[in-house]
file coords-v7.pdb (PDB, C-alpha atoms, pLDDT in the B column)
ATOM      1  CA  MET A   1     153.788  99.134 161.824  1.00 50.00           C
ATOM      2  CA  LEU A   2     152.180  99.096 158.391  1.00 50.00           C
ATOM      3  CA  ARG A   3     152.396  95.318 157.931  1.00 55.00           C
ATOM      4  CA  PRO A   4     149.933  94.428 160.744  1.00 58.00           C
ATOM      5  CA  LEU A   5     147.508  97.023 159.380  1.00 54.00           C
ATOM      6  CA  ALA A   6     147.914  95.655 155.886  1.00 57.00           C
ATOM      7  CA  GLY A   7     147.079  92.209 157.205  1.00 58.00           C
ATOM      8  CA  LEU A   8     143.905  93.479 158.827  1.00 55.00           C
ATOM      9  CA  LEU A   9     142.652  95.128 155.623  1.00 55.00           C
ATOM     10  CA  PRO A  10     141.368  91.919 153.946  1.00 61.00           C
ATOM     11  CA  LEU A  11     139.593  90.973 157.175  1.00 56.00           C
ATOM     12  CA  CYS A  12     137.874  94.373 157.286  1.00 58.00           C
ATOM     13  CA  LEU A  13     136.820  94.075 153.666  1.00 54.00           C
ATOM     14  CA  LEU A  14     135.502  90.559 154.312  1.00 54.00           C
ATOM     15  CA  ALA A  15     133.556  91.719 157.357  1.00 56.00           C
ATOM     16  CA  THR A  16     132.105  94.633 155.400  1.00 58.00           C
ATOM     17  CA  ALA A  17     131.125  92.343 152.530  1.00 56.00           C
ATOM     18  CA  CYS A  18     129.494  89.899 154.926  1.00 60.00           C
ATOM     19  CA  GLY A  19     127.612  92.716 156.593  1.00 61.00           C
ATOM     20  CA  THR A  20     126.431  94.056 153.256  1.00 67.00           C
ATOM     21  CA  SER A  21     125.390  90.580 152.126  1.00 76.00           C
ATOM     22  CA  ALA A  22     123.418  90.062 155.333  1.00 73.00           C
ATOM     23  CA  ARG A  23     121.638  93.389 154.897  1.00 75.00           C
ATOM     24  CA  GLN A  24     120.826  92.585 151.274  1.00 78.00           C
ATOM     25  CA  GLN A  25     119.445  89.192 152.274  1.00 75.00           C
ATOM     26  CA  ALA A  26     117.325  90.795 154.976  1.00 70.00           C
ATOM     27  CA  LEU A  27     116.046  93.342 152.457  1.00 71.00           C
ATOM     28  CA  LEU A  28     115.159  90.614 149.953  1.00 69.00           C
ATOM     29  CA  GLU A  29     113.346  88.642 152.635  1.00 63.00           C
ATOM     30  CA  ARG A  30     111.465  91.772 153.675  1.00 67.00           C
ATOM     31  CA  ARG A  31     110.421  92.452 150.085  1.00 69.00           C
ATOM     32  CA  GLU A  32     109.278  88.857 149.646  1.00 63.00           C
ATOM     33  CA  SER A  33     107.260  89.075 152.853  1.00 55.00           C
ATOM     34  CA  ILE A  34     105.571  92.262 151.639  1.00 54.00           C
ATOM     35  CA  ARG A  35     104.868  90.686 148.249  1.00 60.00           C
ATOM     36  CA  GLU A  36     103.295  87.624 149.846  1.00 53.00           C
ATOM     37  CA  SER A  37     101.257  89.824 152.165  1.00 50.00           C
ATOM     38  CA  ASN A  38     100.012  91.909 149.228  1.00 51.00           C
ATOM     39  CA  SER A  39      99.185  88.776 147.247  1.00 53.00           C
ATOM     40  CA  ALA A  40      97.244  87.340 150.170  1.00 52.00           C
ATOM     41  CA  PHE A  41      95.355  90.614 150.582  1.00 46.00           C
ATOM     42  CA  ALA A  42      94.536  90.758 146.852  1.00 56.00           C
ATOM     43  CA  ALA A  43      93.344  87.136 146.889  1.00 65.00           C
ATOM     44  CA  GLU A  44      91.129  87.799 149.901  1.00 70.00           C
ATOM     45  CA  GLU A  45      89.767  90.989 148.323  1.00 72.00           C
ATOM     46  CA  LEU A  46      88.941  89.091 145.128  1.00 82.00           C
ATOM     47  CA  ALA A  47      87.322  86.220 147.023  1.00 79.00           C
ATOM     48  CA  ASN A  48      85.087  88.603 148.983  1.00 85.00           C
ATOM     49  CA  TYR A  49      84.426  91.083 146.185  1.00 92.00           C
ATOM     50  CA  ARG A  50      80.880  92.321 145.746  1.00 91.00           C
ATOM     51  CA  GLY A  51      80.236  95.463 143.736  1.00 92.00           C
ATOM     52  CA  LYS A  52      77.651  98.109 144.484  1.00 94.00           C
ATOM     53  CA  SER A  53      76.486  98.350 140.880  1.00 93.00           C
ATOM     54  CA  GLY A  54      75.909  96.174 137.840  1.00 95.00           C
ATOM     55  CA  PHE A  55      73.125  95.618 135.326  1.00 96.00           C
ATOM     56  CA  GLN A  56      69.612  96.192 136.654  1.00 95.00           C
ATOM     57  CA  GLU A  57      69.353  94.360 140.009  1.00 96.00           C
ATOM     58  CA  THR A  58      72.546  92.339 139.555  1.00 97.00           C
ATOM     59  CA  ARG A  59      75.798  93.306 141.255  1.00 97.00           C
ATOM     60  CA  TRP A  60      79.340  92.619 140.105  1.00 97.00           C
ATOM     61  CA  GLY A  61      80.717  89.577 141.860  1.00 96.00           C
ATOM     62  CA  MET A  62      77.404  87.718 142.116  1.00 96.00           C
ATOM     63  CA  SER A  63      77.537  83.970 141.570  1.00 95.00           C
ATOM     64  CA  PRO A  64      75.571  82.251 138.770  1.00 96.00           C
ATOM     65  CA  ASP A  65      73.045  81.008 141.345  1.00 96.00           C
ATOM     66  CA  GLU A  66      72.485  84.538 142.652  1.00 97.00           C
ATOM     67  CA  VAL A  67      71.913  85.884 139.147  1.00 97.00           C
ATOM     68  CA  ARG A  68      69.615  82.977 138.283  1.00 96.00           C
ATOM     69  CA  ALA A  69      67.536  83.813 141.354  1.00 97.00           C
ATOM     70  CA  LEU A  70      66.876  87.216 139.756  1.00 97.00           C
ATOM     71  CA  TYR A  71      66.226  85.684 136.321  1.00 97.00           C
ATOM     72  CA  PRO A  72      64.640  82.245 136.894  1.00 96.00           C
ATOM     73  CA  GLU A  73      64.010  81.842 133.162  1.00 96.00           C
ATOM     74  CA  ALA A  74      67.738  82.139 132.330  1.00 96.00           C
ATOM     75  CA  ARG A  75      69.487  79.145 130.792  1.00 96.00           C
ATOM     76  CA  THR A  76      73.100  78.091 131.208  1.00 95.00           C
ATOM     77  CA  THR A  77      75.233  78.580 128.094  1.00 93.00           C
ATOM     78  CA  SER A  78      78.719  77.453 129.153  1.00 90.00           C
ATOM     79  CA  SER A  79      80.686  75.403 131.646  1.00 87.00           C
ATOM     80  CA  GLU A  80      81.707  78.696 133.295  1.00 86.00           C
ATOM     81  CA  GLY A  81      78.118  79.094 134.480  1.00 92.00           C
ATOM     82  CA  ASP A  82      77.274  81.822 131.952  1.00 96.00           C
ATOM     83  CA  LEU A  83      73.572  82.584 131.672  1.00 97.00           C
ATOM     84  CA  ARG A  84      71.313  83.873 128.910  1.00 97.00           C
ATOM     85  CA  VAL A  85      67.859  85.348 129.139  1.00 97.00           C
ATOM     86  CA  VAL A  86      65.548  86.755 126.475  1.00 96.00           C
ATOM     87  CA  THR A  87      63.654  89.722 127.850  1.00 95.00           C
ATOM     88  CA  ARG A  88      62.800  93.368 127.199  1.00 95.00           C
ATOM     89  CA  VAL A  89      65.060  96.286 128.110  1.00 95.00           C
ATOM     90  CA  THR A  90      63.884  99.887 127.648  1.00 93.00           C
ATOM     91  CA  ASP A  91      60.812  98.461 125.888  1.00 92.00           C
ATOM     92  CA  ARG A  92      63.034  96.734 123.339  1.00 93.00           C
ATOM     93  CA  PRO A  93      63.387  92.967 122.873  1.00 95.00           C
ATOM     94  CA  ALA A  94      66.877  91.959 123.951  1.00 96.00           C
ATOM     95  CA  THR A  95      69.029  88.902 124.554  1.00 97.00           C
ATOM     96  CA  VAL A  96      71.069  89.344 127.733  1.00 98.00           C
ATOM     97  CA  ASP A  97      74.212  87.294 128.398  1.00 97.00           C
ATOM     98  CA  PHE A  98      75.722  87.166 131.890  1.00 97.00           C
ATOM     99  CA  GLN A  99      79.384  86.115 131.861  1.00 97.00           C
ATOM    100  CA  PHE A 100      81.293  84.954 134.924  1.00 95.00           C
ATOM    101  CA  THR A 101      84.941  84.625 135.823  1.00 93.00           C
ATOM    102  CA  LEU A 102      86.107  82.875 138.989  1.00 91.00           C
ATOM    103  CA  ASN A 103      82.402  82.240 139.679  1.00 93.00           C
ATOM    104  CA  LYS A 104      81.740  85.995 139.785  1.00 95.00           C
ATOM    105  CA  LEU A 105      79.602  88.113 137.475  1.00 96.00           C
ATOM    106  CA  ALA A 106      82.029  90.176 135.387  1.00 96.00           C
ATOM    107  CA  VAL A 107      80.347  91.024 132.061  1.00 97.00           C
ATOM    108  CA  VAL A 108      76.791  91.631 130.891  1.00 98.00           C
ATOM    109  CA  SER A 109      76.166  91.838 127.136  1.00 97.00           C
ATOM    110  CA  LEU A 110      72.886  92.921 125.582  1.00 97.00           C
ATOM    111  CA  ARG A 111      71.913  92.338 121.960  1.00 97.00           C
ATOM    112  CA  PHE A 112      68.840  94.293 120.921  1.00 96.00           C
ATOM    113  CA  ASP A 113      66.441  93.011 118.284  1.00 90.00           C
ATOM    114  CA  THR A 114      64.244  95.806 116.962  1.00 80.00           C
ATOM    115  CA  SER A 115      62.957  96.877 113.571  1.00 83.00           C
ATOM    116  CA  ALA A 116      63.599 100.590 114.115  1.00 84.00           C
ATOM    117  CA  PRO A 117      66.363 102.317 112.109  1.00 91.00           C
ATOM    118  CA  LEU A 118      69.740 101.658 113.718  1.00 94.00           C
ATOM    119  CA  ARG A 119      70.650 105.288 114.349  1.00 94.00           C
ATOM    120  CA  GLU A 120      67.251 105.965 115.873  1.00 94.00           C
ATOM    121  CA  ASP A 121      67.694 103.188 118.438  1.00 95.00           C
ATOM    122  CA  PHE A 122      71.368 104.039 118.966  1.00 96.00           C
ATOM    123  CA  ASP A 123      70.640 107.707 119.657  1.00 96.00           C
ATOM    124  CA  ALA A 124      67.723 106.884 121.967  1.00 96.00           C
ATOM    125  CA  LEU A 125      69.806 104.469 124.062  1.00 97.00           C
ATOM    126  CA  SER A 126      72.737 106.881 124.031  1.00 97.00           C
ATOM    127  CA  GLU A 127      70.528 109.591 125.502  1.00 97.00           C
ATOM    128  CA  LEU A 128      69.333 107.293 128.296  1.00 97.00           C
ATOM    129  CA  LEU A 129      72.867 106.171 129.137  1.00 97.00           C
ATOM    130  CA  SER A 130      74.108 109.763 129.224  1.00 97.00           C
ATOM    131  CA  MET A 131      71.321 110.643 131.657  1.00 96.00           C
ATOM    132  CA  LYS A 132      72.623 107.948 134.021  1.00 95.00           C
ATOM    133  CA  TYR A 133      76.396 107.961 133.422  1.00 95.00           C
ATOM    134  CA  GLY A 134      77.095 111.458 132.099  1.00 96.00           C
ATOM    135  CA  ASP A 135      78.804 112.413 128.861  1.00 97.00           C
ATOM    136  CA  PRO A 136      80.435 109.614 126.841  1.00 97.00           C
ATOM    137  CA  THR A 137      84.158 109.150 127.388  1.00 97.00           C
ATOM    138  CA  SER A 138      84.671 108.237 123.724  1.00 97.00           C
ATOM    139  CA  ARG A 139      82.683 108.067 120.510  1.00 96.00           C
ATOM    140  CA  ARG A 140      83.098 106.887 116.939  1.00 96.00           C
ATOM    141  CA  ASP A 141      81.049 107.097 113.746  1.00 95.00           C
ATOM    142  CA  THR A 142      82.670 105.622 110.639  1.00 94.00           C
ATOM    143  CA  ALA A 143      80.078 107.236 108.331  1.00 92.00           C
ATOM    144  CA  ALA A 144      80.841 110.664 109.792  1.00 93.00           C
ATOM    145  CA  GLU A 145      84.566 109.948 109.460  1.00 92.00           C
ATOM    146  CA  ALA A 146      84.052 109.121 105.771  1.00 92.00           C
ATOM    147  CA  GLU A 147      82.166 112.390 105.225  1.00 93.00           C
ATOM    148  CA  ALA A 148      84.962 114.285 106.990  1.00 93.00           C
ATOM    149  CA  ARG A 149      87.516 112.798 104.576  1.00 93.00           C
ATOM    150  CA  VAL A 150      85.416 114.016 101.638  1.00 90.00           C
ATOM    151  CA  ARG A 151      85.241 117.547 103.035  1.00 92.00           C
ATOM    152  CA  SER A 152      88.983 117.531 103.667  1.00 91.00           C
ATOM    153  CA  ALA A 153      89.772 116.367 100.117  1.00 88.00           C
ATOM    154  CA  GLU A 154      87.393 118.925  98.619  1.00 85.00           C
ATOM    155  CA  SER A 155      88.890 121.719 100.698  1.00 86.00           C
ATOM    156  CA  TYR A 156      92.437 120.726  99.772  1.00 82.00           C
ATOM    157  CA  ASN A 157      91.748 120.519  96.050  1.00 79.00           C
ATOM    158  CA  ARG A 158      89.836 123.794  96.124  1.00 79.00           C
ATOM    159  CA  SER A 159      92.732 125.525  97.870  1.00 80.00           C
ATOM    160  CA  LEU A 160      95.115 124.450  95.099  1.00 75.00           C
ATOM    161  CA  GLY A 161      93.094 126.425  92.571  1.00 68.00           C
ATOM    162  CA  GLU A 162      92.578 129.588  94.602  1.00 59.00           C
ATOM    163  CA  GLY A 163      94.382 132.736  93.431  1.00 54.00           C
ATOM    164  CA  THR A 164      95.667 131.143  90.240  1.00 58.00           C
ATOM    165  CA  ARG A 165      94.469 130.972  86.665  1.00 59.00           C
ATOM    166  CA  ARG A 166      95.355 127.314  86.488  1.00 59.00           C
ATOM    167  CA  SER A 167      94.588 124.762  89.157  1.00 63.00           C
ATOM    168  CA  ARG A 168      97.548 122.987  90.719  1.00 70.00           C
ATOM    169  CA  THR A 169      95.380 119.974  91.512  1.00 73.00           C
ATOM    170  CA  THR A 170      96.988 116.774  90.239  1.00 80.00           C
ATOM    171  CA  ALA A 171      95.366 113.669  88.842  1.00 82.00           C
ATOM    172  CA  ASP A 172      96.217 111.867  92.083  1.00 84.00           C
ATOM    173  CA  ASP A 173      94.451 114.575  94.096  1.00 82.00           C
ATOM    174  CA  LEU A 174      91.304 114.218  92.008  1.00 84.00           C
ATOM    175  CA  ALA A 175      91.494 110.427  92.148  1.00 87.00           C
ATOM    176  CA  TYR A 176      91.724 110.532  95.945  1.00 87.00           C
ATOM    177  CA  GLU A 177      88.712 112.847  96.165  1.00 86.00           C
ATOM    178  CA  ASN A 178      86.688 110.502  93.970  1.00 88.00           C
ATOM    179  CA  LYS A 179      87.820 107.542  96.066  1.00 91.00           C
ATOM    180  CA  VAL A 180      86.703 109.053  99.379  1.00 89.00           C
ATOM    181  CA  ARG A 181      83.409 110.116  97.784  1.00 90.00           C
ATOM    182  CA  VAL A 182      82.708 106.502  96.832  1.00 91.00           C
ATOM    183  CA  GLU A 183      83.665 105.352 100.345  1.00 89.00           C
ATOM    184  CA  ALA A 184      81.386 107.950 101.942  1.00 91.00           C
ATOM    185  CA  LEU A 185      78.501 106.839  99.745  1.00 90.00           C
ATOM    186  CA  ALA A 186      79.053 103.205 100.743  1.00 88.00           C
ATOM    187  CA  ALA A 187      79.323 104.199 104.417  1.00 85.00           C
ATOM    188  CA  GLN A 188      75.750 105.453 104.387  1.00 88.00           C
ATOM    189  CA  SER A 189      74.603 101.817 104.495  1.00 88.00           C
ATOM    190  CA  ASP A 190      77.738 100.152 105.908  1.00 91.00           C
ATOM    191  CA  TYR A 191      79.037 101.798 109.083  1.00 95.00           C
ATOM    192  CA  VAL A 192      79.806 101.427 112.788  1.00 96.00           C
ATOM    193  CA  VAL A 193      78.782 103.780 115.591  1.00 97.00           C
ATOM    194  CA  GLU A 194      80.183 103.514 119.120  1.00 98.00           C
ATOM    195  CA  LYS A 195      79.976 105.381 122.397  1.00 98.00           C
ATOM    196  CA  SER A 196      81.563 104.514 125.738  1.00 98.00           C
ATOM    197  CA  TRP A 197      80.844 105.488 129.334  1.00 98.00           C
ATOM    198  CA  LYS A 198      82.287 104.553 132.700  1.00 95.00           C
ATOM    199  CA  ASP A 199      81.834 105.115 136.402  1.00 95.00           C
ATOM    200  CA  ALA A 200      83.761 103.943 139.456  1.00 94.00           C
ATOM    201  CA  GLU A 201      82.839 100.278 138.932  1.00 96.00           C
ATOM    202  CA  THR A 202      81.605  99.828 135.381  1.00 97.00           C
ATOM    203  CA  LYS A 203      82.711 100.340 131.779  1.00 97.00           C
ATOM    204  CA  LEU A 204      79.992 100.474 129.136  1.00 98.00           C
ATOM    205  CA  GLN A 205      80.097 100.412 125.360  1.00 98.00           C
ATOM    206  CA  LEU A 206      77.139 100.886 123.034  1.00 98.00           C
ATOM    207  CA  THR A 207      77.872  99.662 119.505  1.00 97.00           C
ATOM    208  CA  GLY A 208      75.817  99.679 116.337  1.00 97.00           C
ATOM    209  CA  TRP A 209      76.762  97.867 113.117  1.00 95.00           C
ATOM    210  CA  GLN A 210      74.862  98.673 109.933  1.00 93.00           C
ATOM    211  CA  GLN A 211      75.411  96.715 106.733  1.00 91.00           C
ATOM    212  CA  PRO A 212      73.339  96.658 103.549  1.00 88.00           C
ATOM    213  CA  ASP A 213      71.515  93.478 104.529  1.00 88.00           C
ATOM    214  CA  THR A 214      71.818  93.360 108.323  1.00 90.00           C
ATOM    215  CA  ARG A 215      72.089  95.447 111.477  1.00 92.00           C
ATOM    216  CA  ARG A 216      73.171  94.816 115.053  1.00 95.00           C
ATOM    217  CA  LEU A 217      72.951  96.864 118.237  1.00 97.00           C
ATOM    218  CA  THR A 218      74.754  95.784 121.416  1.00 97.00           C
ATOM    219  CA  LEU A 219      75.454  97.185 124.857  1.00 98.00           C
ATOM    220  CA  ASP A 220      78.276  95.746 126.972  1.00 97.00           C
ATOM    221  CA  TYR A 221      78.763  96.254 130.716  1.00 98.00           C
ATOM    222  CA  VAL A 222      82.149  95.246 132.176  1.00 97.00           C
ATOM    223  CA  SER A 223      83.244  95.199 135.817  1.00 97.00           C
ATOM    224  CA  ARG A 224      86.379  97.331 136.106  1.00 95.00           C
ATOM    225  CA  PHE A 225      87.524  95.322 139.141  1.00 95.00           C
ATOM    226  CA  LEU A 226      87.056  91.908 137.531  1.00 95.00           C
ATOM    227  CA  GLU A 227      88.137  92.828 133.996  1.00 93.00           C
ATOM    228  CA  PRO A 228      91.818  91.890 134.617  1.00 92.00           C
ATOM    229  CA  HIS A 229      90.649  88.384 135.589  1.00 91.00           C
ATOM    230  CA  LEU A 230      88.620  87.724 132.443  1.00 88.00           C
ATOM    231  CA  GLY A 231      91.661  86.085 130.855  1.00 82.00           C
ATOM    232  CA  LYS A 232      91.291  83.273 133.381  1.00 71.00           C
ATOM    233  CA  ARG A 233      88.137  82.081 131.658  1.00 65.00           C
ATOM    234  CA  SER A 234      88.614  78.853 129.751  1.00 58.00           C
ATOM    235  CA  THR A 235      88.681  80.002 126.131  1.00 56.00           C
ATOM    236  CA  GLU A 236      88.769  76.442 124.817  1.00 48.00           C
ATOM    237  CA  LEU A 237      85.625  75.521 126.721  1.00 52.00           C
ATOM    238  CA  GLU A 238      83.991  78.763 125.646  1.00 57.00           C
ATOM    239  CA  ASP A 239      84.727  78.001 121.982  1.00 63.00           C
ATOM    240  CA  LEU A 240      83.353  74.492 122.405  1.00 59.00           C
ATOM    241  CA  GLU A 241      80.146  75.739 123.989  1.00 61.00           C
ATOM    242  CA  LYS A 242      79.729  78.272 121.193  1.00 68.00           C
ATOM    243  CA  LYS A 243      80.107  75.554 118.575  1.00 71.00           C
ATOM    244  CA  ARG A 244      77.547  73.401 120.374  1.00 66.00           C
ATOM    245  CA  GLU A 245      75.137  76.318 120.424  1.00 71.00           C
ATOM    246  CA  GLN A 246      75.679  76.997 116.722  1.00 75.00           C
ATOM    247  CA  ALA A 247      75.165  73.312 115.959  1.00 75.00           C
ATOM    248  CA  GLN A 248      71.686  73.533 117.479  1.00 72.00           C
ATOM    249  CA  GLU A 249      70.793  76.180 114.908  1.00 71.00           C
ATOM    250  CA  LEU A 250      71.457  73.826 111.972  1.00 73.00           C
TER     251      LEU A 250
END

call {"tool": "encode", "arguments": {"input": "coords-v7.pdb", "output": "structure tokens"}}
result
Amino acid sequence: MLRPLAGLLPLCLLATACGTSARQQALLERRESIRESNSAFAAEELANYRGKSGFQETRWGMSPDEVRALYPEARTTSSEGDLRVVTRVTDRPATVDFQFTLNKLAVVSLRFDTSAPLREDFDALSELLSMKYGDPTSRRDTAAEAEARVRSAESYNRSLGEGTRRSRTTADDLAYENKVRVEALAAQSDYVVEKSWKDAETKLQLTGWQQPDTRRLTLDYVSRFLEPHLGKRSTELEDLEKKREQAQEL
């Protein structure tokens, strides 16, 4: 009686394995179908994307021709269709660069050219941006960071001498305090200040660079939806166009 059953066991195992394999194949096919459907949806969403915000009257996703219609004086700066216009923003002279990816407006970069002190302009623009976008999501001030290191070193060295007749401060401690003092002094004329904001569609970063003989103030707008696609821009062509532009300055 057991022998016939023993003979059926391999057949049962084979049937079970075949059934499992068929179910796994069906599951894989289902997953692939879902993946293709999601990819098609994402491609269609990207192709039809048009944001509700941007810089001034522009909207994320606009084509170069649509942006040029708003800025007829703009000139093309790359094979990607990037545009540049020299204008005034918040009563300040500014160079505005419109960058496109997949023929869609994705980045707007402003470079301000004013004679006012850097911090004065930075703080004024920061106030205006906060009125529109709320409190900054991040901030940085390398001069303030340098001053904080000085205060920390001073506090530490002072604490080593408290309650004792003889200070426990070492030569290394004093050397470090002197070092950060020198750095803080240099940072008064060589520093970077940054603040960032964002809303549902846009990331913004205001950046100021101050060096002894130069200064720069920029404001960058980036589409949060199109940012992942910026890597699809042709970096080689972009580098070539930049070199051509620099060559015209010689």

call {"tool": "resolve_selection", "arguments": {"input": "coords-v7.pdb", "expression": "the PyMOL selection byres ((chain A and resi 218) around 9)", "output": "list in words"}}
result
Ser109, Leu110, Arg111, Phe112, Gln205, Leu206, Thr207, Gly208, Trp209, Arg216, Leu217, Leu219 and Asp220 of chain A

call {"tool": "atom_distance", "arguments": {"input": "coords-v7.pdb", "atom1": "atom CA of Leu174 of chain A", "atom2": "atom CA of Val192 of chain A"}}
result
27.0 Å

call {"tool": "resolve_selection", "arguments": {"input": "coords-v7.pdb", "expression": "the PyMOL selection byres ((chain A and resi 66) around 12)", "output": "list in words"}}
result
Arg50, Glu57, Thr58, Arg59, Trp60, Gly61, Met62, Ser63, Pro64, Asp65, Val67, Arg68, Ala69, Leu70, Tyr71, Pro72, Ala74, Gly81, Leu83, Phe98, Phe100, Asn103, Lys104 and Leu105 of chain A

call {"tool": "closest_residue", "arguments": {"input": "coords-v7.pdb", "among": "A:Ala124, A:Leu185, A:Leu129, A:Leu46", "to": "Pro228 of chain A", "atoms": "all atoms listed in the file"}}
result
A:Leu46

call {"tool": "atom_distance", "arguments": {"input": "coords-v7.pdb", "atom1": "atom CA of Pro136 of chain A", "atom2": "atom CA of Phe122 of chain A"}}
result
13.2 Å

call {"tool": "residues_around", "arguments": {"input": "coords-v7.pdb", "residues": "segment 170-172 of chain A", "least_positions_apart": "4", "cutoff": "12 Å", "atoms": "all atoms listed in the file", "output": "NGL selection string"}}
result
:A and (153 or 156-158 or 160-161 or 166 or 176-179)

call {"tool": "residues_around", "arguments": {"input": "coords-v7.pdb", "residues": "Tyr221 of chain A", "least_positions_apart": "5", "cutoff": "7 Å", "atoms": "only C-alpha atoms", "output": "PyMOL selection string"}}
result
chain A and resi 107-109+202-205

call {"tool": "closest_residue", "arguments": {"input": "coords-v7.pdb", "among": "A:Ala143, A:Ala94, A:Leu102, A:Leu226", "to": "Asp82 of chain A", "atoms": "only C-alpha atoms"}}
result
A:Leu102

call {"tool": "closest_residue", "arguments": {"input": "coords-v7.pdb", "among": "A:Thr77, A:Gln56, A:Thr169, A:Thr214", "to": "Asp190 of chain A", "atoms": "all atoms listed in the file"}}
result
A:Thr214

call {"tool": "atom_distance", "arguments": {"input": "coords-v7.pdb", "atom1": "atom CA of Asp141 of chain A", "atom2": "atom CA of Arg215 of chain A"}}
result
14.9 Å

call {"tool": "closest_residue", "arguments": {"input": "coords-v7.pdb", "among": "A:Val150, A:Lys232, A:Ser138, A:Arg168", "to": "Val193 of chain A", "atoms": "all atoms listed in the file"}}
result
A:Ser138

call {"tool": "closest_residue", "arguments": {"input": "coords-v7.pdb", "among": "A:Ala106, A:Ala186, A:Val85, A:Ala26", "to": "Gly231 of chain A", "atoms": "all atoms listed in the file"}}
result
A:Ala106

call {"tool": "closest_residue", "arguments": {"input": "coords-v7.pdb", "among": "A:Tyr49, A:Tyr191, A:Phe225, A:Phe55", "to": "Arg140 of chain A", "atoms": "only C-alpha atoms"}}
result
A:Tyr191

call {"tool": "residues_around", "arguments": {"input": "coords-v7.pdb", "residues": "Leu128 of chain A", "least_positions_apart": "5", "cutoff": "12 Å", "atoms": "all atoms listed in the file", "output": "ChimeraX atom specification"}}
result
/A:89-90,121-123,133-136,197,206

call {"tool": "decode", "arguments": {"input": "coords-v7.pdb", "residues": "segment 216-228 of chain A", "atoms": "N, CA and C atoms", "output": "mmCIF file, in the first residue's frame"}}
result
data_model
loop_
_atom_site.group_PDB
_atom_site.id
_atom_site.type_symbol
_atom_site.label_atom_id
_atom_site.label_comp_id
_atom_site.auth_asym_id
_atom_site.auth_seq_id
_atom_site.Cartn_x
_atom_site.Cartn_y
_atom_site.Cartn_z
ATOM 1 N N ARG A 216 30.117 89.037 -4.425
ATOM 2 C CA ARG A 216 29.137 88.474 -5.353
ATOM 3 C C ARG A 216 27.876 88.124 -4.583
ATOM 4 N N LEU A 217 26.734 88.428 -5.189
ATOM 5 C CA LEU A 217 25.442 88.155 -4.560
ATOM 6 C C LEU A 217 24.551 87.474 -5.589
ATOM 7 N N THR A 218 24.094 86.259 -5.283
ATOM 8 C CA THR A 218 23.280 85.496 -6.227
ATOM 9 C C THR A 218 22.010 84.984 -5.553
ATOM 10 N N LEU A 219 21.017 84.736 -6.385
ATOM 11 C CA LEU A 219 19.761 84.149 -5.923
ATOM 12 C C LEU A 219 19.354 83.088 -6.933
ATOM 13 N N ASP A 220 19.221 81.846 -6.477
ATOM 14 C CA ASP A 220 18.891 80.728 -7.358
ATOM 15 C C ASP A 220 17.505 80.181 -7.048
ATOM 16 N N TYR A 221 16.692 80.044 -8.098
ATOM 17 C CA TYR A 221 15.385 79.396 -8.021
ATOM 18 C C TYR A 221 15.502 78.046 -8.731
ATOM 19 N N VAL A 222 14.998 76.981 -8.112
ATOM 20 C CA VAL A 222 15.057 75.652 -8.726
ATOM 21 C C VAL A 222 13.689 74.992 -8.627
ATOM 22 N N SER A 223 13.218 74.439 -9.741
ATOM 23 C CA SER A 223 11.963 73.691 -9.740
ATOM 24 C C SER A 223 12.155 72.372 -9.004
ATOM 25 N N ARG A 224 11.370 72.124 -7.977
ATOM 26 C CA ARG A 224 11.501 70.882 -7.219
ATOM 27 C C ARG A 224 11.082 69.679 -8.068
ATOM 28 N N PHE A 225 10.141 69.879 -8.980
ATOM 29 C CA PHE A 225 9.689 68.771 -9.830
ATOM 30 C C PHE A 225 10.742 68.416 -10.875
ATOM 31 N N LEU A 226 11.377 69.429 -11.455
ATOM 32 C CA LEU A 226 12.324 69.183 -12.542
ATOM 33 C C LEU A 226 13.759 68.986 -12.065
ATOM 34 N N GLU A 227 14.037 69.270 -10.811
ATOM 35 C CA GLU A 227 15.408 69.142 -10.306
ATOM 36 C C GLU A 227 16.014 67.762 -10.556
ATOM 37 N N PRO A 228 15.268 66.649 -10.352
ATOM 38 C CA PRO A 228 15.874 65.332 -10.609
ATOM 39 C C PRO A 228 16.287 65.119 -12.062
#
